[in-house]
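Source file: protein.cif. Holds: mmCIF, C-alpha atoms.
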```cif
data_upload
#
loop_
_atom_site.group_PDB
_atom_site.id
_atom_site.type_symbol
_atom_site.label_atom_id
_atom_site.label_comp_id
_atom_site.auth_asym_id
_atom_site.auth_seq_id
_atom_site.Cartn_x
_atom_site.Cartn_y
_atom_site.Cartn_z
ATOM 1 C CA MET A 734 22.438 -26.079 -99.382
ATOM 2 C CA VAL A 735 25.573 -23.956 -99.732
ATOM 3 C CA TYR A 736 23.500 -20.815 -99.137
ATOM 4 C CA LEU A 737 22.047 -22.353 -95.980
ATOM 5 C CA ILE A 738 25.471 -23.233 -94.606
ATOM 6 C CA SER A 739 26.949 -19.823 -95.388
ATOM 7 C CA LYS A 740 23.938 -18.002 -93.880
ATOM 8 C CA CYS A 741 24.071 -19.988 -90.635
ATOM 9 C CA THR A 742 27.832 -19.706 -90.381
ATOM 10 C CA LYS A 743 27.693 -15.936 -90.936
ATOM 11 C CA GLU A 744 25.158 -15.604 -88.126
ATOM 12 C CA ILE A 745 27.365 -17.661 -85.817
ATOM 13 C CA TYR A 746 30.377 -15.505 -86.703
ATOM 14 C CA TYR A 747 28.483 -12.377 -85.638
ATOM 15 C CA LEU A 748 27.631 -13.955 -82.295
ATOM 16 C CA GLN A 749 31.260 -15.090 -81.889
ATOM 17 C CA ALA A 750 32.516 -11.580 -82.579
ATOM 18 C CA ILE A 751 30.274 -10.107 -79.890
ATOM 19 C CA VAL A 752 31.339 -12.806 -77.416
ATOM 20 C CA ALA A 753 35.009 -12.115 -78.206
ATOM 21 C CA VAL A 754 34.489 -8.391 -77.567
ATOM 22 C CA CYS A 755 32.724 -9.251 -74.295
ATOM 23 C CA ILE A 756 35.735 -11.368 -73.263
ATOM 24 C CA TRP A 757 38.083 -8.455 -73.988
ATOM 25 C CA LEU A 758 35.825 -6.064 -72.057
ATOM 26 C CA HIS A 759 35.755 -8.546 -69.181
ATOM 27 C CA HIS A 760 39.546 -8.547 -69.179
ATOM 28 C CA GLU A 761 39.501 -4.746 -68.925
ATOM 29 C CA SER A 762 36.869 -4.634 -66.181
ATOM 30 C CA ILE A 763 37.293 -7.583 -63.854
ATOM 31 C CA ALA A 764 35.053 -7.006 -60.838
ATOM 32 C CA ASN A 765 37.064 -9.099 -58.336
ATOM 33 C CA ARG A 766 33.806 -10.497 -57.021
ATOM 34 C CA PHE A 767 32.938 -14.162 -57.402
ATOM 35 C CA LEU A 768 29.419 -13.842 -58.821
ATOM 36 C CA GLU A 769 30.224 -11.298 -61.520
ATOM 37 C CA ASP A 770 33.510 -12.863 -62.593
ATOM 38 C CA PHE A 771 32.284 -16.462 -62.539
ATOM 39 C CA LEU A 772 29.110 -15.622 -64.455
ATOM 40 C CA CYS A 773 31.062 -13.680 -67.085
ATOM 41 C CA GLY A 774 33.670 -16.392 -67.476
ATOM 42 C CA ALA A 775 31.069 -19.130 -67.766
ATOM 43 C CA ALA A 776 28.835 -17.268 -70.207
ATOM 44 C CA PHE A 777 31.489 -15.718 -72.440
ATOM 45 C CA GLY A 778 34.046 -18.522 -72.405
ATOM 46 C CA GLY A 779 31.518 -21.332 -72.567
ATOM 47 C CA TYR A 780 29.577 -19.830 -75.421
ATOM 48 C CA LEU A 781 32.695 -19.025 -77.388
ATOM 49 C CA VAL A 782 33.509 -22.751 -77.307
ATOM 50 C CA ILE A 783 29.918 -23.729 -78.187
ATOM 51 C CA LEU A 784 29.749 -21.251 -81.074
ATOM 52 C CA LEU A 785 33.117 -22.365 -82.426
ATOM 53 C CA GLY A 786 31.874 -25.960 -82.354
ATOM 54 C CA GLY A 787 28.666 -24.962 -84.121
ATOM 55 C CA ALA A 788 30.526 -23.031 -86.805
ATOM 56 C CA THR A 789 32.916 -25.924 -87.334
ATOM 57 C CA GLY A 790 29.951 -28.285 -87.664
ATOM 58 C CA HIS A 791 28.371 -26.060 -90.308
ATOM 59 C CA VAL A 792 31.626 -25.760 -92.235
ATOM 60 C CA ILE A 793 32.176 -29.532 -92.383
ATOM 61 C CA SER A 794 28.470 -30.137 -93.188
ATOM 62 C CA THR A 795 27.529 -31.796 -89.900
ATOM 63 C CA PRO A 796 25.500 -29.121 -88.103
ATOM 64 C CA ILE A 797 23.945 -29.708 -84.713
ATOM 65 C CA THR A 798 20.278 -30.652 -84.627
ATOM 66 C CA ARG A 799 17.628 -27.975 -84.479
ATOM 67 C CA ARG A 800 16.468 -29.063 -81.014
ATOM 68 C CA ILE A 801 19.977 -28.783 -79.543
ATOM 69 C CA ASP A 802 20.501 -25.437 -81.293
ATOM 70 C CA VAL A 803 17.311 -24.043 -79.741
ATOM 71 C CA TYR A 804 18.356 -25.404 -76.324
ATOM 72 C CA PHE A 805 21.775 -23.728 -76.554
ATOM 73 C CA GLY A 806 20.081 -20.526 -77.686
ATOM 74 C CA ILE A 807 17.610 -20.408 -74.801
ATOM 75 C CA VAL A 808 20.298 -21.168 -72.229
ATOM 76 C CA GLY A 809 22.395 -18.450 -73.926
ATOM 77 C CA VAL A 810 19.530 -15.983 -73.566
ATOM 78 C CA ALA A 811 19.275 -16.652 -69.845
ATOM 79 C CA LEU A 812 23.037 -16.569 -69.248
ATOM 80 C CA PHE A 813 23.793 -13.468 -71.290
ATOM 81 C CA ILE A 814 20.881 -11.401 -69.994
ATOM 82 C CA ALA A 815 21.694 -12.401 -66.411
ATOM 83 C CA THR A 816 25.367 -11.575 -66.976
ATOM 84 C CA GLY A 817 24.477 -8.228 -68.519
ATOM 85 C CA ALA A 818 22.096 -7.303 -65.708
ATOM 86 C CA VAL A 819 24.589 -8.257 -62.983
ATOM 87 C CA ASN A 820 27.377 -6.286 -64.665
ATOM 88 C CA ILE A 821 25.263 -3.190 -65.267
ATOM 89 C CA LYS A 822 24.136 -3.262 -61.623
ATOM 90 C CA PHE A 823 27.727 -3.640 -60.389
ATOM 91 C CA PHE A 824 29.274 -0.963 -62.627
ATOM 92 C CA GLU A 825 26.478 1.646 -62.582
ATOM 93 C CA ASN A 826 28.197 3.793 -59.918
ATOM 94 C CA TYR A 827 31.680 3.754 -61.480
ATOM 95 C CA LYS A 828 32.449 6.894 -63.478
ATOM 96 C CA SER A 829 35.962 5.949 -64.584
ATOM 97 C CA GLU A 830 37.073 4.136 -67.727
ATOM 98 C CA TYR A 831 36.915 0.914 -65.713
ATOM 99 C CA GLY A 832 33.219 1.483 -65.134
ATOM 100 C CA LYS A 833 32.600 2.355 -68.771
ATOM 101 C CA TYR A 834 34.167 -0.939 -69.838
ATOM 102 C CA GLY A 835 31.972 -2.770 -67.349
ATOM 103 C CA LEU A 836 28.810 -1.036 -68.559
ATOM 104 C CA ALA A 837 29.749 -1.752 -72.171
ATOM 105 C CA LYS A 838 30.326 -5.395 -71.250
ATOM 106 C CA GLY A 839 26.910 -5.615 -69.619
ATOM 107 C CA SER A 840 25.182 -3.871 -72.505
ATOM 108 C CA LEU A 841 26.810 -6.100 -75.116
ATOM 109 C CA ALA A 842 25.898 -9.169 -73.085
ATOM 110 C CA ILE A 843 22.232 -8.124 -73.136
ATOM 111 C CA VAL A 844 22.415 -7.403 -76.876
ATOM 112 C CA ASN A 845 23.934 -10.840 -77.398
ATOM 113 C CA GLY A 846 21.155 -12.372 -75.294
ATOM 114 C CA VAL A 847 18.553 -10.734 -77.528
ATOM 115 C CA LEU A 848 20.381 -12.020 -80.610
ATOM 116 C CA PHE A 849 20.388 -15.519 -79.116
ATOM 117 C CA LEU A 850 16.627 -15.173 -78.581
ATOM 118 C CA LEU A 851 16.093 -14.170 -82.206
ATOM 119 C CA ASP A 852 18.337 -17.007 -83.366
ATOM 120 C CA SER A 853 16.374 -19.490 -81.240
ATOM 121 C CA LEU A 854 13.027 -18.273 -82.570
ATOM 122 C CA ILE A 855 14.186 -18.419 -86.185
ATOM 123 C CA THR A 856 15.675 -21.876 -85.666
ATOM 124 C CA TRP A 857 12.576 -23.151 -83.861
ATOM 125 C CA ARG A 858 10.344 -21.974 -86.706
ATOM 126 C CA GLY A 859 12.656 -23.590 -89.228
ATOM 127 C CA ASP A 860 13.270 -20.378 -91.206
ATOM 128 C CA TYR A 861 17.015 -20.742 -91.265
#
```
Take the structure in the file and write it out as structure tokens.
Amino acid sequence: MVYLISKCTKEIYYLQAIVAVCIWLHHESIANRFLEDFLCGAAFGGYLVILLGGATGHVISTPITRRIDVYFGIVGVALFIATGAVNIKFFENYKSEYGKYGLAKGSLAIVNGVLFLLDSLITWRGDY
């Protein structure tokens, strides 16, 4: 049981770290457009709170149910891939450091979306 909790918590910490880096990159590359900024704020900020709650649940031995975990993962996949695609499209013509931060933010969001997909598949199968 202790191995299970530490494995799940470690996975959540990796996702939290990527979300925290995405928040910092968002701070460095705010688009000043409603769609991009709202989507980034909702995805990054919302999932940081959800992941912190999940990690806290694992630490105090009251994890969320598998069904809810898969639901959060699938919604995370959609949000992070959409956020990444919107940011890459917006920042693709910027050649400055501002644009590089925006492209990095979009790329990390897509990577995080893929990691959420893998997490959802592993959780759905019960191999966690």
Residues around (23.1, -21.4, -77.7), cut-off 10 Å, counting only C-alpha atoms - what are they as an MDAnalysis selection string? chainID A and resid 745 748 779:781 783:784 787 801:812 846 849:850 852:853
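Residues lying within 10 Å of Gly778 (chain A), counting all atoms listed in the file and ignoring same-chain neighbours fewer than 6 positions away, are Val752, Ala753, Cys755, Ile756 and Leu772 of chain A.
Across A:Leu854, A:Ala788, A:Cys773, A:Ala764, the tightest approach to Phe823 (chain A) is made by A:Ala764 when counting all atoms listed in the file.
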From (21.5, -4.2, -66.0), in the file's coordinates, out to 12 Å: which residues are reached, counting all atoms listed in the file? Answer as a VMD selection string. chain A and resid 813 to 825 835 to 844
Rank nothing, just name the residue among A:Ile855, A:Leu848, A:Ala775, A:Ile793 nearest to Tyr747 (chain A), using all atoms listed in the file. A:Leu848
With only C-alpha atoms as the basis for distance, which of A:Val782, A:Leu758, A:Ile751, A:Val847 is at the shortest distance from Lys833 (chain A)? A:Leu758
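Using all atoms listed in the file, the smallest distance between any of A:Thr798, A:Tyr834, A:Gly859, A:Asn826 and His760 (chain A) comes from A:Tyr834.
CA of Leu768 (chain A) is positioned 21.5 Å from CA of Lys828 (chain A).
You will find CA of Ser762 (chain A) at 13.8 Å from CA of Phe777 (chain A).
Here CA of His759 (chain A) stands at a distance of 27.7 Å from CA of Gly790 (chain A).
Each of A:Ser829, A:Asn845, A:Thr856, A:Gln749 was compared to Arg800 (chain A) using all atoms listed in the file, and A:Thr856 turns out to be the nearest.
Taking all atoms listed in the file into account, Gly786 (chain A) lies nearest to A:Tyr746 out of the set A:Phe767, A:Trp857, A:Gly774, A:Tyr746.
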Using only the atoms of region 847-858 of chain A listed in the file, plus 4 Å on each side, state the axis-aligned box centre and edge lengths in Å rounded to one decimal, as AutoDock Vina command-line options.
```
--center_x 15.4 --center_y -16.9 --center_z -82.1 --size_x 18.0 --size_y 20.4 --size_z 17.2
```
When you get a chance, write out N, CA and C atoms for region 778-802 of chain A, as a short mmCIF file (atom, residue, chain, number, x, y, z; two decimals), keeping the file's coordinate frame.
```cif
data_model
loop_
_atom_site.label_atom_id
_atom_site.label_comp_id
_atom_site.auth_asym_id
_atom_site.auth_seq_id
_atom_site.Cartn_x
_atom_site.Cartn_y
_atom_site.Cartn_z
N GLY A 778 33.12 -17.46 -72.01
CA GLY A 778 34.05 -18.52 -72.40
C GLY A 778 33.31 -19.76 -72.89
N GLY A 779 32.27 -20.15 -72.18
CA GLY A 779 31.52 -21.33 -72.57
C GLY A 779 30.85 -21.18 -73.92
N TYR A 780 30.26 -20.02 -74.15
CA TYR A 780 29.58 -19.83 -75.42
C TYR A 780 30.53 -19.58 -76.58
N LEU A 781 31.71 -19.11 -76.31
CA LEU A 781 32.70 -19.02 -77.39
C LEU A 781 33.04 -20.43 -77.87
N VAL A 782 33.22 -21.36 -76.94
CA VAL A 782 33.51 -22.75 -77.31
C VAL A 782 32.32 -23.37 -78.04
N ILE A 783 31.10 -23.16 -77.55
CA ILE A 783 29.92 -23.73 -78.19
C ILE A 783 29.74 -23.17 -79.59
N LEU A 784 29.92 -21.86 -79.76
CA LEU A 784 29.75 -21.25 -81.07
C LEU A 784 30.83 -21.69 -82.04
N LEU A 785 32.06 -21.85 -81.55
CA LEU A 785 33.12 -22.36 -82.43
C LEU A 785 32.80 -23.79 -82.88
N GLY A 786 32.28 -24.61 -81.98
CA GLY A 786 31.87 -25.96 -82.35
C GLY A 786 30.74 -25.96 -83.36
N GLY A 787 29.77 -25.07 -83.17
CA GLY A 787 28.67 -24.96 -84.12
C GLY A 787 29.11 -24.50 -85.49
N ALA A 788 30.01 -23.52 -85.52
CA ALA A 788 30.53 -23.03 -86.80
C ALA A 788 31.33 -24.11 -87.51
N THR A 789 32.14 -24.83 -86.74
CA THR A 789 32.92 -25.92 -87.33
C THR A 789 31.99 -27.00 -87.89
N GLY A 790 30.93 -27.31 -87.17
CA GLY A 790 29.95 -28.28 -87.66
C GLY A 790 29.30 -27.85 -88.96
N HIS A 791 28.97 -26.56 -89.06
CA HIS A 791 28.37 -26.06 -90.31
C HIS A 791 29.37 -26.10 -91.46
N VAL A 792 30.61 -25.78 -91.18
CA VAL A 792 31.63 -25.76 -92.24
C VAL A 792 31.88 -27.16 -92.78
N ILE A 793 31.90 -28.17 -91.91
CA ILE A 793 32.18 -29.53 -92.38
C ILE A 793 30.88 -30.31 -92.66
N SER A 794 29.78 -29.59 -92.79
CA SER A 794 28.47 -30.14 -93.19
C SER A 794 27.90 -31.15 -92.21
N THR A 795 28.16 -30.98 -90.93
CA THR A 795 27.53 -31.80 -89.90
C THR A 795 27.01 -30.88 -88.79
N PRO A 796 26.00 -30.07 -89.11
CA PRO A 796 25.50 -29.12 -88.10
C PRO A 796 24.79 -29.83 -86.96
N ILE A 797 24.67 -29.14 -85.85
CA ILE A 797 23.94 -29.71 -84.71
C ILE A 797 22.46 -29.71 -85.03
N THR A 798 21.71 -30.55 -84.34
CA THR A 798 20.28 -30.65 -84.63
C THR A 798 19.57 -29.37 -84.20
N ARG A 799 18.40 -29.19 -84.76
CA ARG A 799 17.63 -27.98 -84.48
C ARG A 799 17.23 -27.91 -83.01
N ARG A 800 16.88 -29.03 -82.42
CA ARG A 800 16.47 -29.06 -81.01
C ARG A 800 17.62 -28.64 -80.10
N ILE A 801 18.81 -29.15 -80.35
CA ILE A 801 19.98 -28.78 -79.54
C ILE A 801 20.33 -27.32 -79.76
N ASP A 802 20.21 -26.84 -80.99
CA ASP A 802 20.50 -25.44 -81.29
C ASP A 802 19.56 -24.51 -80.53
#
```
